[in-house]
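Visitor: Structure below; questions to follow.
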Amino acid sequence: MEEVKKNKMETTPMHKLIWKMGLPLIISLVLQSVYNIVDTAFVINMGEDGIAGNLALTYAFPIQLLIIAVGVGTGVGVNALLSKKLGEKDETGATKTVGNGIFLAVCIYVVFLIFGIFGCNWFISMQAGDNAQAAEMGTNYLKICCILSFGAIGFTVYERFLQSTGRTLFSTISQVSGAITNIILDYVFIYPCNMGVEGAAWATVAGQMVSLVASMLFHYLTNKELKNSIKALKPSWTVIKGIYKIGISAAIMQGLLSVMMLGMTKILGTVKDSETAQLLQGSFGIYFKIMQFALFAAFGVSNAIISILSFNYGMKSKPRVKDCIKFGILDSVIVVTVITILFEGLAIVLAKLFGMASGESGGAIEEVVTMAIRISSIGYIFMAFSVAVQGVLQAFRYALFPLLISLLRLCALVLPVAYLFTLSNDPVNLVWWTFPIIEFATAAASALILWYACKKKVRPMEEVQA
């Protein structure tokens, strides 16, 4: 009887378990990037307002990233703590973790609701300058995404409940259902209904709500290992502290994507020729969303590493801990290598999605985006290694090391190098070399940090087992 109750993370061979849990997570997170890619493709091709609409989405995107960052960071903390409690057979601790995860999701939503009502106009105007059309479009788009952000935030927590018990297929189904909803409604709202950029926003939040409802149903109907209690919703500062011991660094790491996006948009806006500046800003907004396809694939493997390694580290199973690190990093690199090859071969096709109906400006954006994809994707393999290492470090409950890697990748190195390239005589071509240069440097630093972490966390496990 006892054998039947064993979690599959305790018994499944590691090389199979990484793929079994990681592949649905990869699909789920990659589909998350589809929201933004589909929105942008439909908006930029909606006619004479397409170029301004693309700029509007670019200006709004840092806050969208921040919403996801705080939700995902909280979810990562919930996932790590929940997997640890399950590994330790602590049912009471697991129940409190579930309840406090829901409580935190509600608190996060209230913060972004307030920002949506009062802060959107200021944030968009700060970037748009004298481009009144893009400013108005961006403000309207961002207000809808913030005021109705409960779908995005709630889903990031409920999907972690499913992931912590190995039910990653259900989280993927939830994500797929939301993505399909978003794609269908994007077309309906933007074209037949003629709702423009606001239609893209309504399609996005509708898809997020569908994903939330589906994940809630799967959790309450199938997640029998986890107990649900109204009393567990009462905030426990011990549990919240445990969640954010890992979650805060994950939230900041994800949030640095928002900082990098905002920083790059402002830096590209300093190019002397205003037309070139807007071309670079619009092209970067498109490239960044395409790049997330590879980044989120790496995050999928990293999230699987966090769940599996947290569980087996809680069990003090040294052989499985070592296998998880080895196969997790290897699989992450394999997945992103495949994506890199596809991007290099399909760069023109991907770029054409954003230049079909925007006239001469669309043709210029298509050319720059093609170049951006081909140059920047050279660094994706190094990025995959760094992101996998971050997953290992989070599972070991390190807070500062994963944050340091993100700071190097997304702020401390990338923004100064990008700024130097914008000062050159050919910023349109040179600025994209920023990304492979920084990814290589960050991967080297990640390798050193991983060696130190394994020395401190894995090697002493022999003494415990003895």
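Just so we're on the same page: first chain in the structure tokens is A, next is B, and so on; residues restart at 1 for each chain, and ligands are numbered from 1 in the order they show up.
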Might you pull out every residue within 7 Å of stretch 400-413 of chain A, with only C-alpha atoms counted and same-chain residues fewer than 3 positions away left off, and present them as a list in words?
Guide: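 Contacts, in chain order: Ser249, Met253, Leu256, Leu257, Met260, Gln390, Leu393, Gln394, Pro416, Val417, Ile438, Glu439, Thr442 and Ser446 of chain A.
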Visitor: Taking N, CA, C and O atoms for each residue, export the selection above as an mmCIF file, in the first residue's frame.
Guide:
```cif
data_model
loop_
_atom_site.group_PDB
_atom_site.id
_atom_site.type_symbol
_atom_site.label_atom_id
_atom_site.label_comp_id
_atom_site.auth_asym_id
_atom_site.auth_seq_id
_atom_site.Cartn_x
_atom_site.Cartn_y
_atom_site.Cartn_z
ATOM 1 N N SER A 249 13.588 36.004 -5.223
ATOM 2 C CA SER A 249 14.661 36.068 -6.209
ATOM 3 C C SER A 249 14.140 35.700 -7.597
ATOM 4 O O SER A 249 14.537 36.302 -8.599
ATOM 5 N N MET A 253 14.239 38.078 -10.729
ATOM 6 C CA MET A 253 14.876 37.600 -11.960
ATOM 7 C C MET A 253 13.960 37.798 -13.160
ATOM 8 O O MET A 253 14.376 38.281 -14.212
ATOM 9 N N LEU A 256 13.492 41.499 -13.933
ATOM 10 C CA LEU A 256 14.603 42.141 -14.635
ATOM 11 C C LEU A 256 14.410 42.100 -16.149
ATOM 12 O O LEU A 256 14.985 42.923 -16.864
ATOM 13 N N LEU A 257 13.607 41.147 -16.643
ATOM 14 C CA LEU A 257 13.226 41.178 -18.058
ATOM 15 C C LEU A 257 12.480 42.469 -18.373
ATOM 16 O O LEU A 257 12.679 43.081 -19.425
ATOM 17 N N MET A 260 15.030 45.281 -18.348
ATOM 18 C CA MET A 260 15.824 45.258 -19.567
ATOM 19 C C MET A 260 15.024 45.773 -20.759
ATOM 20 O O MET A 260 15.519 46.551 -21.581
ATOM 21 N N GLN A 390 20.301 28.435 -12.988
ATOM 22 C CA GLN A 390 19.436 29.163 -12.061
ATOM 23 C C GLN A 390 18.401 28.234 -11.428
ATOM 24 O O GLN A 390 18.102 28.358 -10.230
ATOM 25 N N LEU A 393 20.092 26.251 -8.684
ATOM 26 C CA LEU A 393 20.360 27.100 -7.521
ATOM 27 C C LEU A 393 19.082 27.389 -6.732
ATOM 28 O O LEU A 393 19.095 27.409 -5.498
ATOM 29 N N GLN A 394 17.972 27.595 -7.441
ATOM 30 C CA GLN A 394 16.697 27.823 -6.755
ATOM 31 C C GLN A 394 16.255 26.581 -5.994
ATOM 32 O O GLN A 394 15.727 26.691 -4.881
ATOM 33 N N PRO A 416 24.789 48.677 -20.655
ATOM 34 C CA PRO A 416 25.952 49.481 -21.050
ATOM 35 C C PRO A 416 26.492 49.109 -22.428
ATOM 36 O O PRO A 416 26.855 49.989 -23.212
ATOM 37 N N VAL A 417 26.553 47.810 -22.737
ATOM 38 C CA VAL A 417 27.075 47.392 -24.041
ATOM 39 C C VAL A 417 26.151 47.869 -25.158
ATOM 40 O O VAL A 417 26.598 48.371 -26.193
ATOM 41 N N ILE A 438 26.853 39.052 -24.289
ATOM 42 C CA ILE A 438 26.478 39.004 -22.875
ATOM 43 C C ILE A 438 26.122 37.589 -22.432
ATOM 44 O O ILE A 438 26.446 37.171 -21.313
ATOM 45 N N GLU A 439 25.453 36.821 -23.298
ATOM 46 C CA GLU A 439 25.079 35.447 -22.921
ATOM 47 C C GLU A 439 26.310 34.586 -22.680
ATOM 48 O O GLU A 439 26.337 33.766 -21.758
ATOM 49 N N THR A 442 27.844 35.612 -19.302
ATOM 50 C CA THR A 442 27.024 35.152 -18.181
ATOM 51 C C THR A 442 27.127 33.649 -17.980
ATOM 52 O O THR A 442 27.147 33.160 -16.843
ATOM 53 N N SER A 446 28.068 31.623 -14.642
ATOM 54 C CA SER A 446 27.140 30.605 -14.121
ATOM 55 C C SER A 446 27.855 29.293 -13.840
ATOM 56 O O SER A 446 27.538 28.599 -12.864
#
```
Visitor: So that I can see what lies close to A:Val387, please list as a ChimeraX atom specification the residues with an atom at most 7 Å from it, counting only C-alpha atoms and leaving out residues fewer than 3 positions away in the same chain.
Guide: /A:298-299,302,383-384,390-391
Visitor: Can you write just those residues out, N, CA and C atoms, as an mmCIF file, in the first residue's frame?
Guide:
```
data_model
loop_
_atom_site.group_PDB
_atom_site.id
_atom_site.type_symbol
_atom_site.label_atom_id
_atom_site.label_comp_id
_atom_site.auth_asym_id
_atom_site.auth_seq_id
_atom_site.Cartn_x
_atom_site.Cartn_y
_atom_site.Cartn_z
ATOM 1 N N ALA A 298 13.637 27.375 -22.253
ATOM 2 C CA ALA A 298 14.651 27.137 -21.222
ATOM 3 C C ALA A 298 14.036 27.206 -19.826
ATOM 4 N N PHE A 299 13.110 28.141 -19.618
ATOM 5 C CA PHE A 299 12.424 28.231 -18.330
ATOM 6 C C PHE A 299 11.623 26.963 -18.045
ATOM 7 N N SER A 302 13.983 24.524 -16.691
ATOM 8 C CA SER A 302 14.421 25.036 -15.395
ATOM 9 C C SER A 302 13.362 24.805 -14.319
ATOM 10 N N MET A 383 22.530 31.018 -23.106
ATOM 11 C CA MET A 383 21.392 31.425 -22.278
ATOM 12 C C MET A 383 20.740 30.205 -21.626
ATOM 13 N N ALA A 384 20.567 29.120 -22.391
ATOM 14 C CA ALA A 384 19.940 27.908 -21.864
ATOM 15 C C ALA A 384 20.733 27.347 -20.689
ATOM 16 N N GLN A 390 20.301 28.435 -12.988
ATOM 17 C CA GLN A 390 19.436 29.163 -12.061
ATOM 18 C C GLN A 390 18.401 28.234 -11.428
ATOM 19 N N GLY A 391 17.846 27.304 -12.199
ATOM 20 C CA GLY A 391 16.903 26.347 -11.646
ATOM 21 C C GLY A 391 17.532 25.471 -10.573
#
```
Visitor: Please determine, counting only C-alpha atoms, which residue among A:Thr434, A:Ala56, A:Leu23, A:Gly73 has the shortest atom-to-atom distance to A:Ile252.
Guide: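 Closest residue, counting only C-alpha atoms: A:Gly73.
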Visitor: So which one's closest to A:Ile240, A:Ala351, A:Ala105, A:Ala128, A:Leu86? Using only C-alpha atoms, please.
Guide: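 Closest candidate: A:Ala105.
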Visitor: Which one of A:Cys193, A:Leu66, A:Leu262, A:Ala250 sits closest to A:Gln127 if you count only C-alpha atoms?
Guide: A:Leu262
Visitor: Pick from A:Tyr59, A:Phe311, A:Tyr244, A:Phe396: nearest to A:Met126, with only C-alpha atoms counted?
Guide: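 The answer is A:Tyr59, which sits nearest to A:Met126.
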Visitor: So which residues touch stretch 145-147 of chain A within 9 Å, counting only C-alpha atoms, skipping near sequence neighbours fewer than 3 positions away, as a PyMOL selection string?
Guide: chain A and resi 63-64+67+109-110+112-117+120+140-142+150+201-202+204-205
Visitor: With N, CA, C and O atoms kept, could you save the residues just selected as a PDB file, in the first residue's frame?
Guide:
```pdb
ATOM      1  N   ILE A  63       5.366  46.313 -18.324  1.00  0.00           N
ATOM      2  CA  ILE A  63       4.430  46.069 -17.223  1.00  0.00           C
ATOM      3  C   ILE A  63       3.796  44.689 -17.354  1.00  0.00           C
ATOM      4  O   ILE A  63       3.587  43.990 -16.348  1.00  0.00           O
ATOM      5  N   GLN A  64       3.497  44.265 -18.578  1.00  0.00           N
ATOM      6  CA  GLN A  64       2.997  42.904 -18.760  1.00  0.00           C
ATOM      7  C   GLN A  64       4.014  41.883 -18.251  1.00  0.00           C
ATOM      8  O   GLN A  64       3.657  40.893 -17.603  1.00  0.00           O
ATOM      9  N   ILE A  67       3.897  41.866 -14.428  1.00  0.00           N
ATOM     10  CA  ILE A  67       2.757  41.096 -13.908  1.00  0.00           C
ATOM     11  C   ILE A  67       3.106  39.609 -13.873  1.00  0.00           C
ATOM     12  O   ILE A  67       2.906  38.922 -12.857  1.00  0.00           O
ATOM     13  N   TYR A 109      -2.778  40.772  -7.274  1.00  0.00           N
ATOM     14  CA  TYR A 109      -3.766  41.324  -8.210  1.00  0.00           C
ATOM     15  C   TYR A 109      -4.234  42.716  -7.774  1.00  0.00           C
ATOM     16  O   TYR A 109      -4.375  43.627  -8.601  1.00  0.00           O
ATOM     17  N   VAL A 110      -4.463  42.903  -6.494  1.00  0.00           N
ATOM     18  CA  VAL A 110      -4.923  44.206  -5.997  1.00  0.00           C
ATOM     19  C   VAL A 110      -3.914  45.301  -6.334  1.00  0.00           C
ATOM     20  O   VAL A 110      -4.279  46.415  -6.726  1.00  0.00           O
ATOM     21  N   PHE A 112      -1.762  45.426  -8.899  1.00  0.00           N
ATOM     22  CA  PHE A 112      -1.793  45.758 -10.323  1.00  0.00           C
ATOM     23  C   PHE A 112      -3.130  46.367 -10.737  1.00  0.00           C
ATOM     24  O   PHE A 112      -3.189  47.135 -11.703  1.00  0.00           O
ATOM     25  N   LEU A 113      -4.194  46.048 -10.025  1.00  0.00           N
ATOM     26  CA  LEU A 113      -5.478  46.708 -10.261  1.00  0.00           C
ATOM     27  C   LEU A 113      -5.354  48.208  -9.993  1.00  0.00           C
ATOM     28  O   LEU A 113      -5.806  49.045 -10.801  1.00  0.00           O
ATOM     29  N   ILE A 114      -4.730  48.559  -8.888  1.00  0.00           N
ATOM     30  CA  ILE A 114      -4.536  49.976  -8.544  1.00  0.00           C
ATOM     31  C   ILE A 114      -3.649  50.667  -9.577  1.00  0.00           C
ATOM     32  O   ILE A 114      -3.938  51.787 -10.026  1.00  0.00           O
ATOM     33  N   PHE A 115      -2.575  49.991  -9.993  1.00  0.00           N
ATOM     34  CA  PHE A 115      -1.709  50.576 -11.023  1.00  0.00           C
ATOM     35  C   PHE A 115      -2.476  50.763 -12.327  1.00  0.00           C
ATOM     36  O   PHE A 115      -2.309  51.777 -13.019  1.00  0.00           O
ATOM     37  N   GLY A 116      -3.305  49.799 -12.674  1.00  0.00           N
ATOM     38  CA  GLY A 116      -4.075  49.895 -13.909  1.00  0.00           C
ATOM     39  C   GLY A 116      -4.988  51.099 -13.925  1.00  0.00           C
ATOM     40  O   GLY A 116      -5.187  51.741 -14.969  1.00  0.00           O
ATOM     41  N   ILE A 117      -5.543  51.448 -12.767  1.00  0.00           N
ATOM     42  CA  ILE A 117      -6.460  52.583 -12.690  1.00  0.00           C
ATOM     43  C   ILE A 117      -5.709  53.919 -12.706  1.00  0.00           C
ATOM     44  O   ILE A 117      -6.129  54.872 -13.376  1.00  0.00           O
ATOM     45  N   CYS A 120      -1.135  53.879 -15.594  1.00  0.00           N
ATOM     46  CA  CYS A 120      -0.827  53.506 -16.982  1.00  0.00           C
ATOM     47  C   CYS A 120      -0.464  54.706 -17.857  1.00  0.00           C
ATOM     48  O   CYS A 120       0.470  54.635 -18.660  1.00  0.00           O
ATOM     49  N   ASN A 140      -4.518  52.657 -23.322  1.00  0.00           N
ATOM     50  CA  ASN A 140      -5.762  51.879 -23.345  1.00  0.00           C
ATOM     51  C   ASN A 140      -5.485  50.380 -23.253  1.00  0.00           C
ATOM     52  O   ASN A 140      -6.183  49.641 -22.545  1.00  0.00           O
ATOM     53  N   TYR A 141      -4.461  49.929 -23.981  1.00  0.00           N
ATOM     54  CA  TYR A 141      -4.093  48.510 -23.964  1.00  0.00           C
ATOM     55  C   TYR A 141      -3.655  48.082 -22.563  1.00  0.00           C
ATOM     56  O   TYR A 141      -4.102  47.059 -22.032  1.00  0.00           O
ATOM     57  N   LEU A 142      -2.781  48.887 -21.947  1.00  0.00           N
ATOM     58  CA  LEU A 142      -2.209  48.502 -20.658  1.00  0.00           C
ATOM     59  C   LEU A 142      -3.250  48.537 -19.544  1.00  0.00           C
ATOM     60  O   LEU A 142      -3.207  47.706 -18.633  1.00  0.00           O
ATOM     61  N   PHE A 150      -6.104  39.399 -13.099  1.00  0.00           N
ATOM     62  CA  PHE A 150      -6.258  38.280 -12.161  1.00  0.00           C
ATOM     63  C   PHE A 150      -6.126  36.929 -12.856  1.00  0.00           C
ATOM     64  O   PHE A 150      -5.718  35.944 -12.244  1.00  0.00           O
ATOM     65  N   ALA A 201      -5.938  43.577 -26.413  1.00  0.00           N
ATOM     66  CA  ALA A 201      -5.901  43.488 -24.948  1.00  0.00           C
ATOM     67  C   ALA A 201      -7.028  42.604 -24.419  1.00  0.00           C
ATOM     68  O   ALA A 201      -6.812  41.751 -23.547  1.00  0.00           O
ATOM     69  N   TRP A 202      -8.243  42.795 -24.954  1.00  0.00           N
ATOM     70  CA  TRP A 202      -9.370  41.967 -24.500  1.00  0.00           C
ATOM     71  C   TRP A 202      -9.151  40.501 -24.834  1.00  0.00           C
ATOM     72  O   TRP A 202      -9.502  39.609 -24.046  1.00  0.00           O
ATOM     73  N   THR A 204      -6.252  39.000 -25.020  1.00  0.00           N
ATOM     74  CA  THR A 204      -5.213  38.509 -24.108  1.00  0.00           C
ATOM     75  C   THR A 204      -5.789  38.152 -22.748  1.00  0.00           C
ATOM     76  O   THR A 204      -5.552  37.053 -22.215  1.00  0.00           O
ATOM     77  N   VAL A 205      -6.561  39.069 -22.147  1.00  0.00           N
ATOM     78  CA  VAL A 205      -7.086  38.792 -20.802  1.00  0.00           C
ATOM     79  C   VAL A 205      -8.124  37.677 -20.836  1.00  0.00           C
ATOM     80  O   VAL A 205      -8.236  36.892 -19.881  1.00  0.00           O
TER      81      VAL A 205
END
```
Visitor: May I ask which of the residues A:Thr222, A:Ser317, A:Asn121, A:Ser33 is the closest one to A:Asn182, counting only C-alpha atoms?
Guide: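 Closest residue, counting only C-alpha atoms: A:Ser33.
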Visitor: For A:Val349, work out the shell of residues within 10 Å, counting only C-alpha atoms and skipping chain neighbours fewer than 5 positions away, then give it as a PyMOL selection string.
Guide: chain A and resi 343+354+366+370
Visitor: Which neighbours of A:Ile180 fall inside 12 Å, counting only C-alpha atoms, when residues of the same chain fewer than 5 positions from it are skipped, and could you give them as a PDB file with N, CA and C atoms, in the first residue's frame?
Guide:
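Contents of out.pdb, freshly written:
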```
ATOM      1  N   LEU A  31       3.869  28.473 -25.139  1.00  0.00           N
ATOM      2  CA  LEU A  31       2.554  28.980 -25.527  1.00  0.00           C
ATOM      3  C   LEU A  31       2.242  30.307 -24.835  1.00  0.00           C
ATOM      4  N   GLN A  32       2.818  30.501 -23.652  1.00  0.00           N
ATOM      5  CA  GLN A  32       2.646  31.786 -22.964  1.00  0.00           C
ATOM      6  C   GLN A  32       3.214  32.923 -23.808  1.00  0.00           C
ATOM      7  N   VAL A  34       3.197  32.934 -26.940  1.00  0.00           N
ATOM      8  CA  VAL A  34       2.327  33.087 -28.114  1.00  0.00           C
ATOM      9  C   VAL A  34       1.372  34.258 -27.927  1.00  0.00           C
ATOM     10  N   TYR A  35       0.923  34.498 -26.683  1.00  0.00           N
ATOM     11  CA  TYR A  35       0.026  35.629 -26.429  1.00  0.00           C
ATOM     12  C   TYR A  35       0.589  36.910 -27.040  1.00  0.00           C
ATOM     13  N   VAL A  38       1.268  36.748 -31.034  1.00  0.00           N
ATOM     14  CA  VAL A  38       0.035  36.845 -31.811  1.00  0.00           C
ATOM     15  C   VAL A  38      -0.538  38.254 -31.748  1.00  0.00           C
ATOM     16  N   ILE A 173      -2.464  21.692 -20.711  1.00  0.00           N
ATOM     17  CA  ILE A 173      -3.802  21.776 -21.310  1.00  0.00           C
ATOM     18  C   ILE A 173      -4.445  23.119 -20.977  1.00  0.00           C
ATOM     19  N   SER A 174      -4.276  23.567 -19.752  1.00  0.00           N
ATOM     20  CA  SER A 174      -4.827  24.866 -19.344  1.00  0.00           C
ATOM     21  C   SER A 174      -4.225  25.988 -20.166  1.00  0.00           C
ATOM     22  N   GLN A 175      -2.903  25.936 -20.357  1.00  0.00           N
ATOM     23  CA  GLN A 175      -2.227  26.974 -21.125  1.00  0.00           C
ATOM     24  C   GLN A 175      -2.640  26.939 -22.589  1.00  0.00           C
ATOM     25  N   LEU A 185      -9.759  35.064 -30.605  1.00  0.00           N
ATOM     26  CA  LEU A 185     -10.352  36.357 -30.270  1.00  0.00           C
ATOM     27  C   LEU A 185      -9.524  37.524 -30.790  1.00  0.00           C
ATOM     28  N   ASP A 186      -8.186  37.343 -30.904  1.00  0.00           N
ATOM     29  CA  ASP A 186      -7.365  38.393 -31.499  1.00  0.00           C
ATOM     30  C   ASP A 186      -7.883  38.749 -32.888  1.00  0.00           C
ATOM     31  N   TYR A 187      -8.087  37.730 -33.700  1.00  0.00           N
ATOM     32  CA  TYR A 187      -8.581  37.979 -35.065  1.00  0.00           C
ATOM     33  C   TYR A 187      -9.980  38.608 -35.032  1.00  0.00           C
ATOM     34  N   ALA A 203      -8.563  40.224 -25.987  1.00  0.00           N
ATOM     35  CA  ALA A 203      -8.267  38.834 -26.356  1.00  0.00           C
ATOM     36  C   ALA A 203      -7.256  38.223 -25.398  1.00  0.00           C
ATOM     37  N   THR A 204      -6.252  39.000 -25.020  1.00  0.00           N
ATOM     38  CA  THR A 204      -5.213  38.509 -24.108  1.00  0.00           C
ATOM     39  C   THR A 204      -5.789  38.152 -22.748  1.00  0.00           C
ATOM     40  N   ALA A 206      -8.868  37.558 -21.939  1.00  0.00           N
ATOM     41  CA  ALA A 206      -9.832  36.456 -22.050  1.00  0.00           C
ATOM     42  C   ALA A 206      -9.110  35.115 -22.068  1.00  0.00           C
ATOM     43  N   GLY A 207      -8.027  35.021 -22.822  1.00  0.00           N
ATOM     44  CA  GLY A 207      -7.241  33.791 -22.847  1.00  0.00           C
ATOM     45  C   GLY A 207      -6.669  33.447 -21.487  1.00  0.00           C
ATOM     46  N   GLN A 208      -6.211  34.467 -20.761  1.00  0.00           N
ATOM     47  CA  GLN A 208      -5.658  34.235 -19.426  1.00  0.00           C
ATOM     48  C   GLN A 208      -6.724  33.737 -18.464  1.00  0.00           C
ATOM     49  N   VAL A 210      -9.401  31.974 -19.258  1.00  0.00           N
ATOM     50  CA  VAL A 210      -9.687  30.581 -19.616  1.00  0.00           C
ATOM     51  C   VAL A 210      -8.640  29.655 -19.002  1.00  0.00           C
ATOM     52  N   SER A 211      -7.365  30.045 -19.091  1.00  0.00           N
ATOM     53  CA  SER A 211      -6.288  29.229 -18.507  1.00  0.00           C
ATOM     54  C   SER A 211      -6.458  29.095 -16.996  1.00  0.00           C
TER      55      SER A 211
END
```
Visitor: For A:Ile375, work out the shell of residues within 9 Å, counting only C-alpha atoms and skipping chain neighbours fewer than 3 positions away, then give it as number ranges by chain.
Guide: A: 344, 370-372, 378-379, 432-433, 435-436
Visitor: Using only C-alpha atoms, find the one residue out of A:Glu10, A:Gly255, A:Ala132, A:Val106 that sits nearest to A:Ala52.
Guide: A:Ala132
Visitor: With only C-alpha atoms as the counted atoms, please give the residues lying no more than 12 Å from A:Lys89, apart from itself and same-chain residues fewer than 4 positions off, as a count of residues only.
Guide: 15
Visitor: Counting only C-alpha atoms, which residues of stretch 320-406 of chain A sit at most 8 Å from some atom of stretch 268-280 of chain A, and what is each one's closest atom pair with its distance in Å to one decimal, listed by chain and rising residue number, as JSON lines?
Guide:
```
{"residue": "A:Ala364", "atom": "CA", "partner": "A:Leu279", "partner_atom": "CA", "distance": 7.7}
{"residue": "A:Ile365", "atom": "CA", "partner": "A:Leu279", "partner_atom": "CA", "distance": 6.5}
{"residue": "A:Val368", "atom": "CA", "partner": "A:Leu280", "partner_atom": "CA", "distance": 7.9}
```
Visitor: Would you save the residues of that selection, restricted to N, CA, C and O atoms, as a tab-separated table (two decimals), in the first residue's frame?
Guide:
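part_27.tsv, freshly written:
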```tsv
chain	number	residue	atom	x	y	z
A	364	ALA	N	11.00	47.77	-43.73
A	364	ALA	CA	12.20	48.09	-42.97
A	364	ALA	C	12.25	47.29	-41.67
A	364	ALA	O	13.30	46.76	-41.28
A	365	ILE	N	11.11	47.18	-40.99
A	365	ILE	CA	11.04	46.40	-39.76
A	365	ILE	C	11.35	44.92	-40.04
A	365	ILE	O	12.09	44.28	-39.30
A	368	VAL	N	15.14	44.48	-40.42
A	368	VAL	CA	15.88	44.61	-39.15
A	368	VAL	C	15.60	43.43	-38.23
A	368	VAL	O	16.51	42.90	-37.58
```
